[in-house]
$ cat target.pdb   # PDB, C-alpha atoms
ATOM      1  CA  MET A   1     124.895  50.956  91.225
ATOM      2  CA  ALA A   2     123.171  48.692  88.710
ATOM      3  CA  LEU A   3     124.590  45.533  90.252
ATOM      4  CA  ASN A   4     122.238  45.737  93.213
ATOM      5  CA  VAL A   5     119.276  45.074  90.965
ATOM      6  CA  LYS A   6     117.526  41.717  91.155
ATOM      7  CA  PRO A   7     116.967  40.280  87.681
ATOM      8  CA  THR A   8     113.247  39.624  87.995
ATOM      9  CA  ARG A   9     110.397  40.464  85.674
ATOM     10  CA  SER A  10     108.761  42.831  88.115
ATOM     11  CA  GLU A  11     112.036  44.692  88.500
ATOM     12  CA  LEU A  12     112.118  45.039  84.735
ATOM     13  CA  ILE A  13     108.668  46.567  84.713
ATOM     14  CA  ASP A  14     109.707  48.957  87.471
ATOM     15  CA  MET A  15     112.838  49.960  85.589
ATOM     16  CA  LYS A  16     110.849  50.707  82.478
ATOM     17  CA  LYS A  17     108.479  52.900  84.465
ATOM     18  CA  LYS A  18     111.327  54.778  86.088
ATOM     19  CA  ILE A  19     113.005  55.403  82.757
ATOM     20  CA  LYS A  20     109.802  56.779  81.297
ATOM     21  CA  LEU A  21     109.325  59.093  84.276
ATOM     22  CA  SER A  22     112.903  60.320  84.213
ATOM     23  CA  GLU A  23     112.786  61.004  80.507
ATOM     24  CA  ARG A  24     109.618  63.001  80.894
ATOM     25  CA  GLY A  25     111.152  65.005  83.724
ATOM     26  CA  TYR A  26     114.254  65.518  81.637
ATOM     27  CA  ASN A  27     112.278  66.980  78.745
ATOM     28  CA  ILE A  28     110.363  69.327  81.003
ATOM     29  CA  LEU A  29     113.534  70.541  82.691
ATOM     30  CA  LYS A  30     115.130  71.154  79.332
ATOM     31  CA  MET A  31     112.197  73.342  78.400
ATOM     32  CA  LYS A  32     112.497  75.216  81.678
ATOM     33  CA  ARG A  33     116.187  75.778  81.108
ATOM     34  CA  ASP A  34     115.604  77.107  77.604
ATOM     35  CA  GLY A  35     112.762  79.349  78.750
ATOM     36  CA  LEU A  36     114.905  80.792  81.506
ATOM     37  CA  ILE A  37     117.694  81.537  79.058
ATOM     38  CA  LEU A  38     115.246  83.339  76.764
ATOM     39  CA  GLU A  39     113.993  85.464  79.642
ATOM     40  CA  PHE A  40     117.571  86.122  80.604
ATOM     41  CA  PHE A  41     118.382  87.474  77.152
ATOM     42  CA  LYS A  42     115.526  89.922  77.470
ATOM     43  CA  VAL A  43     116.815  91.160  80.805
ATOM     44  CA  LEU A  44     120.367  91.335  79.463
ATOM     45  CA  GLU A  45     119.365  93.960  76.923
ATOM     46  CA  ASP A  46     117.822  96.104  79.647
ATOM     47  CA  ALA A  47     120.843  95.543  81.853
ATOM     48  CA  LYS A  48     123.271  96.812  79.234
ATOM     49  CA  LYS A  49     121.161  99.931  78.784
ATOM     50  CA  SER A  50     120.856 100.601  82.488
ATOM     51  CA  ARG A  51     124.606 100.151  83.000
ATOM     52  CA  GLY A  52     125.209 102.650  80.212
ATOM     53  CA  ALA A  53     122.839 105.127  81.829
ATOM     54  CA  LEU A  54     124.647 104.655  85.131
ATOM     55  CA  VAL A  55     128.068 105.345  83.683
ATOM     56  CA  GLU A  56     126.785 108.396  81.817
ATOM     57  CA  GLY A  57     124.882 109.693  84.825
ATOM     58  CA  TYR A  58     127.876 109.276  87.106
ATOM     59  CA  ASP A  59     130.208 111.082  84.733
ATOM     60  CA  ARG A  60     127.773 113.939  84.407
ATOM     61  CA  ALA A  61     127.150 114.206  88.114
ATOM     62  CA  THR A  62     130.843 114.199  89.044
ATOM     63  CA  LYS A  63     131.560 116.907  86.495
ATOM     64  CA  MET A  64     128.725 119.034  87.820
ATOM     65  CA  ILE A  65     129.782 118.769  91.400
ATOM     66  CA  ALA A  66     133.328 119.735  90.431
ATOM     67  CA  VAL A  67     131.917 122.799  88.696
ATOM     68  CA  ALA A  68     129.757 123.603  91.697
ATOM     69  CA  ASN A  69     132.734 123.312  94.023
ATOM     70  CA  THR A  70     134.724 125.677  91.870
ATOM     71  CA  VAL A  71     132.010 128.231  91.282
ATOM     72  CA  GLU A  72     130.335 128.235  94.687
ATOM     73  CA  GLY A  73     133.083 126.944  96.903
ATOM     74  CA  SER A  74     132.931 123.563  98.583
ATOM     75  CA  ILE A  75     131.621 125.006 101.846
ATOM     76  CA  ARG A  76     128.414 126.231 100.239
ATOM     77  CA  VAL A  77     127.975 122.932  98.436
ATOM     78  CA  LYS A  78     128.492 121.007 101.672
ATOM     79  CA  GLY A  79     126.077 123.350 103.435
ATOM     80  CA  ALA A  80     123.415 122.721 100.833
ATOM     81  CA  ALA A  81     124.031 118.990 100.958
ATOM     82  CA  MET A  82     123.646 118.882 104.727
ATOM     83  CA  ALA A  83     120.405 120.795 104.480
ATOM     84  CA  VAL A  84     118.573 118.392 102.174
ATOM     85  CA  LYS A  85     116.138 116.408 104.240
ATOM     86  CA  GLU A  86     113.877 114.602 101.777
ATOM     87  CA  ASN A  87     115.234 111.060 101.854
ATOM     88  CA  PRO A  88     114.600 108.850  98.799
ATOM     89  CA  GLN A  89     112.661 105.762  99.860
ATOM     90  CA  ILE A  90     112.354 102.487  98.056
ATOM     91  CA  THR A  91     109.724  99.791  98.397
ATOM     92  CA  LEU A  92     110.549  96.232  97.455
ATOM     93  CA  LYS A  93     107.901  94.122  95.837
ATOM     94  CA  GLU A  94     108.236  90.749  94.167
ATOM     95  CA  LYS A  95     107.651  89.693  90.601
ATOM     96  CA  ASN A  96     107.661  86.168  89.188
ATOM     97  CA  ILE A  97     109.551  85.288  86.011
ATOM     98  CA  MET A  98     109.225  81.651  84.933
ATOM     99  CA  GLY A  99     109.072  80.559  88.522
ATOM    100  CA  VAL A 100     111.929  82.745  89.725
ATOM    101  CA  VAL A 101     111.132  85.402  92.298
ATOM    102  CA  VAL A 102     112.685  88.714  91.274
ATOM    103  CA  PRO A 103     112.474  92.174  92.847
ATOM    104  CA  ASP A 104     110.265  94.972  91.679
ATOM    105  CA  ILE A 105     111.568  98.216  93.153
ATOM    106  CA  GLU A 106     109.516 101.371  93.470
ATOM    107  CA  ALA A 107     111.113 104.628  94.458
ATOM    108  CA  SER A 108     109.625 107.750  95.995
ATOM    109  CA  SER A 109     110.932 111.234  96.715
ATOM    110  CA  VAL A 110     113.953 110.884  94.512
ATOM    111  CA  ARG A 111     113.311 113.799  92.186
ATOM    112  CA  LYS A 112     112.518 116.950  94.074
ATOM    113  CA  THR A 113     111.703 120.518  93.290
ATOM    114  CA  VAL A 114     113.982 123.243  94.561
ATOM    115  CA  THR A 115     111.661 124.040  97.446
ATOM    116  CA  GLN A 116     111.258 120.402  98.431
ATOM    117  CA  ARG A 117     114.975 119.904  98.822
ATOM    118  CA  GLY A 118     115.151 122.167 101.790
ATOM    119  CA  TYR A 119     118.365 124.071 101.390
ATOM    120  CA  GLY A 120     116.450 127.296 100.898
ATOM    121  CA  VAL A 121     116.696 129.805  98.092
ATOM    122  CA  LEU A 122     119.396 131.805  99.856
ATOM    123  CA  GLY A 123     121.597 128.823 100.558
ATOM    124  CA  SER A 124     121.976 127.796  96.942
ATOM    125  CA  SER A 125     122.405 128.857  93.374
ATOM    126  CA  PRO A 126     121.442 127.495  89.952
ATOM    127  CA  VAL A 127     124.722 125.597  89.773
ATOM    128  CA  ILE A 128     123.951 123.763  92.989
ATOM    129  CA  ASP A 129     120.383 123.128  91.839
ATOM    130  CA  ASP A 130     121.642 121.578  88.630
ATOM    131  CA  THR A 131     124.137 119.457  90.522
ATOM    132  CA  ALA A 132     121.419 118.218  92.863
ATOM    133  CA  ASP A 133     119.336 117.481  89.781
ATOM    134  CA  ALA A 134     122.142 115.500  88.201
ATOM    135  CA  PHE A 135     122.616 113.442  91.348
ATOM    136  CA  GLU A 136     118.907 112.810  91.681
ATOM    137  CA  GLU A 137     118.911 111.479  88.129
ATOM    138  CA  LEU A 138     121.884 109.319  89.040
ATOM    139  CA  VAL A 139     120.018 107.907  92.041
ATOM    140  CA  GLU A 140     117.106 107.015  89.804
ATOM    141  CA  ALA A 141     119.465 105.247  87.419
ATOM    142  CA  ILE A 142     121.064 103.437  90.370
ATOM    143  CA  ILE A 143     117.711 102.175  91.614
ATOM    144  CA  GLU A 144     116.787 100.869  88.199
ATOM    145  CA  ALA A 145     120.180  99.218  87.768
ATOM    146  CA  ALA A 146     119.842  97.628  91.210
ATOM    147  CA  GLU A 147     116.504  96.089  90.250
ATOM    148  CA  ILE A 148     117.747  94.792  86.906
ATOM    149  CA  GLU A 149     121.038  93.437  88.211
ATOM    150  CA  THR A 150     119.389  91.593  91.074
ATOM    151  CA  THR A 151     116.900  90.102  88.608
ATOM    152  CA  MET A 152     119.804  88.958  86.443
ATOM    153  CA  LYS A 153     121.576  87.400  89.408
ATOM    154  CA  ARG A 154     118.514  85.423  90.453
ATOM    155  CA  LEU A 155     117.843  84.274  86.904
ATOM    156  CA  LEU A 156     121.461  83.224  86.529
ATOM    157  CA  ASP A 157     121.323  81.192  89.738
ATOM    158  CA  GLU A 158     118.208  79.405  88.579
ATOM    159  CA  ILE A 159     119.679  78.786  85.124
ATOM    160  CA  GLU A 160     122.792  77.300  86.692
ATOM    161  CA  SER A 161     120.911  74.931  88.963
ATOM    162  CA  THR A 162     118.446  73.863  86.252
ATOM    163  CA  LYS A 163     121.356  73.255  83.884
ATOM    164  CA  ARG A 164     122.976  71.019  86.502
ATOM    165  CA  ARG A 165     119.829  68.974  87.019
ATOM    166  CA  VAL A 166     119.383  68.540  83.264
ATOM    167  CA  ASN A 167     122.958  67.366  82.907
ATOM    168  CA  ALA A 168     122.660  65.060  85.906
ATOM    169  CA  LEU A 169     119.592  63.412  84.396
ATOM    170  CA  GLU A 170     121.087  63.166  80.944
ATOM    171  CA  PHE A 171     124.512  61.855  81.875
ATOM    172  CA  LYS A 172     124.015  59.909  85.085
ATOM    173  CA  VAL A 173     120.502  58.992  86.113
ATOM    174  CA  ILE A 174     119.028  57.947  82.797
ATOM    175  CA  PRO A 175     122.056  56.015  81.509
ATOM    176  CA  GLU A 176     122.281  54.149  84.831
ATOM    177  CA  LEU A 177     118.610  53.215  84.702
ATOM    178  CA  LYS A 178     119.003  52.040  81.127
ATOM    179  CA  GLN A 179     122.046  50.017  82.081
ATOM    180  CA  ALA A 180     120.087  48.323  84.873
ATOM    181  CA  ARG A 181     117.207  47.583  82.530
ATOM    182  CA  ASP A 182     119.519  46.063  79.912
ATOM    183  CA  PHE A 183     121.254  44.012  82.593
ATOM    184  CA  ILE A 184     117.948  42.562  83.802
ATOM    185  CA  LYS A 185     116.830  41.773  80.280
ATOM    186  CA  MET A 186     120.073  40.010  79.561
ATOM    187  CA  ARG A 187     119.811  37.922  82.743
ATOM    188  CA  LEU A 188     116.189  37.040  82.068
ATOM    189  CA  ASP A 189     117.043  35.943  78.541
ATOM    190  CA  GLU A 190     119.911  33.870  79.892
ATOM    191  CA  MET A 191     117.639  32.186  82.428
ATOM    192  CA  GLU A 192     115.117  31.421  79.696
ATOM    193  CA  ARG A 193     117.793  29.866  77.532
ATOM    194  CA  ASP A 194     118.977  27.790  80.483
ATOM    195  CA  GLU A 195     115.392  26.589  80.967
ATOM    196  CA  LEU A 196     115.093  25.644  77.314
ATOM    197  CA  VAL A 197     118.330  23.692  77.370
ATOM    198  CA  ARG A 198     117.294  21.942  80.559
ATOM    199  CA  LEU A 199     113.912  21.003  79.087
ATOM    200  CA  LYS A 200     115.562  19.677  75.951
ATOM    201  CA  LYS A 201     117.948  17.550  77.961
ATOM    202  CA  ILE A 202     115.175  16.120  80.094
ATOM    203  CA  ARG A 203     113.060  15.358  77.032
ATOM    204  CA  ALA A 204     116.020  13.727  75.329
ATOM    205  CA  LYS A 205     116.634  11.617  78.441
ATOM    206  CA  SER A 206     113.022  10.554  78.830
ATOM    207  CA  GLN A 207     112.876   9.620  75.136
ATOM    208  CA  ALA A 208     116.064   7.604  75.385
ATOM    209  CA  LYS A 209     114.542   5.448  78.140
TER
ATOM    210  CA  MET B   1     113.780 101.070 102.809
ATOM    211  CA  GLU B   2     116.677 103.369 102.095
ATOM    212  CA  ILE B   3     119.698 103.741  99.903
ATOM    213  CA  ALA B   4     123.152 103.809 101.499
ATOM    214  CA  VAL B   5     126.388 105.155 100.028
ATOM    215  CA  VAL B   6     129.866 104.167 101.207
ATOM    216  CA  GLY B   7     133.019 105.918 100.113
ATOM    217  CA  ASN B   8     135.250 108.908 100.708
ATOM    218  CA  SER B   9     133.676 112.220 101.643
ATOM    219  CA  GLU B  10     133.958 113.572  98.096
ATOM    220  CA  PHE B  11     132.030 110.647  96.671
ATOM    221  CA  ILE B  12     129.349 110.898  99.334
ATOM    222  CA  LEU B  13     128.800 114.605  99.080
ATOM    223  CA  GLY B  14     126.918 114.537  95.789
ATOM    224  CA  PHE B  15     124.565 111.841  97.040
ATOM    225  CA  ARG B  16     123.778 113.848 100.140
ATOM    226  CA  LEU B  17     122.776 116.629  97.782
ATOM    227  CA  ALA B  18     120.212 114.235  96.329
ATOM    228  CA  GLY B  19     118.870 113.612  99.808
ATOM    229  CA  ILE B  20     120.425 110.305 100.792
ATOM    230  CA  GLN B  21     120.827 110.241 104.558
ATOM    231  CA  LYS B  22     122.595 106.955 105.142
ATOM    232  CA  THR B  23     126.059 107.936 104.042
ATOM    233  CA  TYR B  24     129.081 106.121 105.461
ATOM    234  CA  ALA B  25     132.294 108.078 105.072
ATOM    235  CA  ALA B  26     135.415 105.954 104.759
ATOM    236  CA  ASP B  27     138.716 107.613 104.109
ATOM    237  CA  SER B  28     141.034 104.663 104.510
ATOM    238  CA  ASP B  29     140.983 101.062 103.351
ATOM    239  CA  GLU B  30     140.296  99.617 106.818
ATOM    240  CA  SER B  31     137.505 102.021 107.573
ATOM    241  CA  LEU B  32     136.101 101.158 104.133
ATOM    242  CA  VAL B  33     135.732  97.513 105.159
ATOM    243  CA  GLU B  34     134.250  98.584 108.485
ATOM    244  CA  GLN B  35     131.696 100.910 106.948
ATOM    245  CA  VAL B  36     130.712  98.409 104.265
ATOM    246  CA  ASN B  37     130.013  95.823 106.965
ATOM    247  CA  ARG B  38     128.008  98.363 108.915
ATOM    248  CA  ALA B  39     125.911  99.183 105.860
ATOM    249  CA  MET B  40     125.362  95.487 105.130
ATOM    250  CA  GLY B  41     124.229  94.928 108.704
ATOM    251  CA  ASP B  42     121.718  97.756 108.672
ATOM    252  CA  LYS B  43     118.259  96.240 108.230
ATOM    253  CA  ASP B  44     116.779  99.296 106.621
ATOM    254  CA  VAL B  45     119.233  99.444 103.744
ATOM    255  CA  GLY B  46     117.972  98.153 100.412
ATOM    256  CA  ILE B  47     120.697  99.337  98.051
ATOM    257  CA  ILE B  48     124.383 100.042  98.735
ATOM    258  CA  VAL B  49     126.343 102.264  96.361
ATOM    259  CA  LEU B  50     130.111 101.897  96.118
ATOM    260  CA  LYS B  51     132.759 103.294  93.836
ATOM    261  CA  GLY B  52     134.201 100.689  91.453
ATOM    262  CA  GLU B  53     137.774 101.335  92.627
ATOM    263  CA  ASP B  54     136.709 100.918  96.238
ATOM    264  CA  MET B  55     135.223  97.525  95.412
ATOM    265  CA  GLN B  56     138.624  96.430  94.152
ATOM    266  CA  LYS B  57     140.198  97.477  97.460
ATOM    267  CA  LEU B  58     137.992  95.120  99.464
ATOM    268  CA  PRO B  59     139.200  91.633 100.454
ATOM    269  CA  PHE B  60     138.155  88.941  98.017
ATOM    270  CA  ARG B  61     135.660  87.204 100.290
ATOM    271  CA  LEU B  62     133.876  90.420 101.104
ATOM    272  CA  ARG B  63     133.726  91.312  97.430
ATOM    273  CA  THR B  64     132.141  87.965  96.574
ATOM    274  CA  ALA B  65     129.657  88.315  99.424
ATOM    275  CA  LEU B  66     128.721  91.739  98.091
ATOM    276  CA  SER B  67     128.265  90.536  94.509
ATOM    277  CA  GLU B  68     126.113  87.620  95.684
ATOM    278  CA  SER B  69     124.036  89.720  98.072
ATOM    279  CA  VAL B  70     120.455  90.309  97.061
ATOM    280  CA  LYS B  71     119.280  92.100 100.162
ATOM    281  CA  PRO B  72     120.798  94.602 100.178
ATOM    282  CA  THR B  73     121.747  94.886  96.510
ATOM    283  CA  VAL B  74     125.225  96.255  95.982
ATOM    284  CA  ILE B  75     125.928  98.516  93.023
ATOM    285  CA  ALA B  76     129.502  99.385  91.988
ATOM    286  CA  ILE B  77     129.532 102.583  90.033
ATOM    287  CA  GLY B  78     131.997 104.515  87.978
ATOM    288  CA  GLY B  79     134.051 103.464  85.015
ATOM    289  CA  GLU B  80     134.830 100.049  83.636
ATOM    290  CA  THR B  81     135.167  98.216  86.922
ATOM    291  CA  GLY B  82     131.468  98.572  87.651
ATOM    292  CA  GLY B  83     130.110  96.414  84.883
ATOM    293  CA  LEU B  84     132.819  93.781  84.837
ATOM    294  CA  SER B  85     131.687  91.612  87.735
ATOM    295  CA  MET B  86     128.349  91.043  85.995
ATOM    296  CA  ARG B  87     130.202  89.985  82.915
ATOM    297  CA  GLU B  88     132.195  87.383  84.866
ATOM    298  CA  ARG B  89     129.059  85.859  86.367
ATOM    299  CA  ILE B  90     127.360  85.603  83.026
ATOM    300  CA  LYS B  91     130.387  83.947  81.501
ATOM    301  CA  ARG B  92     130.387  81.440  84.341
ATOM    302  CA  SER B  93     126.704  80.555  84.322
ATOM    303  CA  VAL B  94     125.727  80.627  80.695
ATOM    304  CA  GLY B  95     129.119  79.694  79.337
ATOM    305  CA  VAL B  96     129.307  82.425  76.728
ATOM    306  CA  ASP B  97     130.608  85.959  77.093
ATOM    307  CA  LEU B  98     127.482  87.909  76.292
ATOM    308  CA  TRP B  99     128.273  91.315  77.639
ATOM    309  CA  LYS B 100     128.896  93.648  74.734
TER
END

$ encode --input "target.pdb" --output "structure tokens"
Amino acid sequence: MALNVKPTRSELIDMKKKIKLSERGYNILKMKRDGLILEFFKVLEDAKKSRGALVEGYDRATKMIAVANTVEGSIRVKGAAMAVKENPQITLKEKNIMGVVVPDIEASSVRKTVTQRGYGVLGSSPVIDDTADAFEELVEAIIEAAEIETTMKRLLDEIESTKRRVNALEFKVIPELKQARDFIKMRLDEMERDELVRLKKIRAKSQAK
Amino acid sequence: MEIAVVGNSEFILGFRLAGIQKTYAADSDESLVEQVNRAMGDKDVGIIVLKGEDMQKLPFRLRTALSESVKPTVIAIGGETGGLSMRERIKRSVGVDLWK
């Protein structure tokens, strides 16, 4: 720890430089941490909304499919489901928030018209169409929630690690450096006082002669 | 990339109606774990959809791996259980319970 330090003047100068550097780094990291938390609050609002939309969408969709099963019979519903061929695709791109890489998801062929779905006019009914609609909406909500929740996770990870570095600097690195610097100063002062006393003694001796 | 859904056949049916092809039917707890691992291993899967109750049935380590996973992203849907894991993480990282 600090006891390995040699109490020399050049060491003192080095210590002072290191302390200055660490304090600067500490201030910058604190700003980063605060900025990340601000960004996080923004995302949190969106996340709450998207979760709400998910819950709503899911409730709606499950009700509709229950209705469809009752009205049309589960075999027709299954038949229609098996016939749908248009698969929703997602493309992942990256966005940068305060230095953190977060996903930017784009979806295609989620919402479809009745003809696009592929189960044919004969194979379905308005109830089934509405159910498919409800589920398509749900899928859209899921994709958005996925993007937002992943963004939150990445931001949280970065906040956690930045917080740890800030705390490490504040409670370990900088105090230890300051301790070392104070130790050196104390030793140097001691050595100076020893010198003075020695000089005085020698002068006294030479005058006594 | 595609969306995958894992769950019992009832749960999956609606998503097939929306066009999702990668559906993994799992009617028992063991097959649930199996299918979830299969979906995680599939390179073309970007998002996995699970029912909240099914998430609770998974072994703890798998559940943590799923919550941490970014590719693919795992979404638990349906009822209270879905949003709670987010809440726990936020409490842990930021230190304050910010959810509602």

$ closest_atom_pairs --input "target.pdb" --of "chain B" --to "chain A" --cutoff "9 Å" --atoms "only C-alpha atoms" --output "tab-separated table"
residue	atom	partner	partner_atom	distance
B:Met1	CA	A:Ile90	CA	5.2
B:Glu2	CA	A:Gln89	CA	5.2
B:Ile3	CA	A:Pro88	CA	7.3
B:Phe11	CA	A:Thr62	CA	8.5
B:Leu13	CA	A:Ala81	CA	6.7
B:Gly14	CA	A:Phe135	CA	6.3
B:Phe15	CA	A:Phe135	CA	6.2
B:Arg16	CA	A:Ala81	CA	5.2
B:Leu17	CA	A:Ala81	CA	4.2
B:Ala18	CA	A:Glu136	CA	5.0
B:Gly19	CA	A:Asn87	CA	4.9
B:Ile20	CA	A:Asn87	CA	5.4
B:Gln21	CA	A:Asn87	CA	6.3
B:Gly46	CA	A:Ile90	CA	7.5
B:Ile47	CA	A:Ala146	CA	7.1
B:Val49	CA	A:Ile142	CA	8.1
B:Ser67	CA	A:Lys153	CA	9.0
B:Glu68	CA	A:Lys153	CA	7.7
B:Ser69	CA	A:Thr150	CA	8.6
B:Val70	CA	A:Thr150	CA	6.2
B:Thr73	CA	A:Ala146	CA	6.3
B:Val74	CA	A:Ala146	CA	7.3
B:Ile75	CA	A:Ala146	CA	6.4
B:Ile77	CA	A:Val55	CA	7.1
B:Gly78	CA	A:Val55	CA	5.9
B:Gly79	CA	A:Val55	CA	6.4
B:Glu80	CA	A:Val55	CA	8.6
B:Gly82	CA	A:Arg51	CA	8.4
B:Gly83	CA	A:Arg51	CA	6.9
B:Met86	CA	A:Glu149	CA	8.0
B:Arg89	CA	A:Leu156	CA	8.0
B:Ile90	CA	A:Leu156	CA	7.3
B:Arg92	CA	A:Glu160	CA	9.0
B:Ser93	CA	A:Glu160	CA	5.6
B:Val94	CA	A:Glu160	CA	7.5
B:Leu98	CA	A:Leu44	CA	8.5
B:Trp99	CA	A:Lys48	CA	7.6
B:Lys100	CA	A:Lys48	CA	7.9

$ atom_distance --input "target.pdb" --atom1 "CA of Ile97 (chain A)" --atom2 "CA of Arg33 (chain A)"
12.6 Å

$ resolve_selection --input "target.pdb" --expression "the PyMOL selection byres ((chain B and resi 23) around 8)" --output "list in words"
Ala4, Val5, Val6, Ile12, Arg16, Ile20, Gln21, Lys22, Tyr24 and Ala25 of chain B

$ closest_residue --input "target.pdb" --among "B:Asp27, B:Arg61, B:Gln35, B:Ile48" --to "Glu10 (chain B)" --atoms "only C-alpha atoms"
B:Asp27

$ atom_distance --input "target.pdb" --atom1 "CA of Lys32 (chain A)" --atom2 "CA of Asn96 (chain A)"
14.1 Å

$ resolve_selection --input "target.pdb" --expression "the PyMOL selection byres ((chain A and resi 174-181) around 7)" --output "list in words"
Ala2, Val5, Leu12, Met15, Ile19, Ser22, Leu169, Glu170, Phe171, Lys172, Val173, Asp182, Phe183, Ile184 and Lys185 of chain A

$ atom_distance --input "target.pdb" --atom1 "CA of Met98 (chain A)" --atom2 "CA of Leu29 (chain A)"
12.1 Å

$ resolve_selection --input "target.pdb" --expression "the PyMOL selection byres ((chain B and resi 54) around 9)" --output "list in words"
Gly7, Asp29, Leu32, Leu50, Lys51, Gly52, Glu53, Met55, Gln56, Lys57, Leu58 and Ala76 of chain B

$ write_last_selection --input "target.pdb" --atoms "C-alpha atoms" --output "PDB file, in the frame of the given file"
ATOM      1  CA  GLY B   7     133.019 105.918 100.113  1.00  0.00           C
ATOM      2  CA  ASP B  29     140.983 101.062 103.351  1.00  0.00           C
ATOM      3  CA  LEU B  32     136.101 101.158 104.133  1.00  0.00           C
ATOM      4  CA  LEU B  50     130.111 101.897  96.118  1.00  0.00           C
ATOM      5  CA  LYS B  51     132.759 103.294  93.836  1.00  0.00           C
ATOM      6  CA  GLY B  52     134.201 100.689  91.453  1.00  0.00           C
ATOM      7  CA  GLU B  53     137.774 101.335  92.627  1.00  0.00           C
ATOM      8  CA  MET B  55     135.223  97.525  95.412  1.00  0.00           C
ATOM      9  CA  GLN B  56     138.624  96.430  94.152  1.00  0.00           C
ATOM     10  CA  LYS B  57     140.198  97.477  97.460  1.00  0.00           C
ATOM     11  CA  LEU B  58     137.992  95.120  99.464  1.00  0.00           C
ATOM     12  CA  ALA B  76     129.502  99.385  91.988  1.00  0.00           C
TER      13      ALA B  76
END

$ closest_residue --input "target.pdb" --among "A:Ala204, A:Leu188, A:Leu196, A:Val114" --to "Glu11 (chain A)" --atoms "only C-alpha atoms"
A:Leu188

$ axis_aligned_box --input "target.pdb" --around "region 165-177 of chain A" --padding-each-side "5 Å" --output "lines of an AutoDock Vina configuration file"
center_x = 121.6
center_y = 61.1
center_z = 84.0
size_x = 15.9
size_y = 25.8
size_z = 16.1

$ closest_residue --input "target.pdb" --among "B:Ala39, B:Ala26, B:Val45, B:Val33" --to "Arg63 (chain B)" --atoms "all atoms listed in the file"
B:Val33
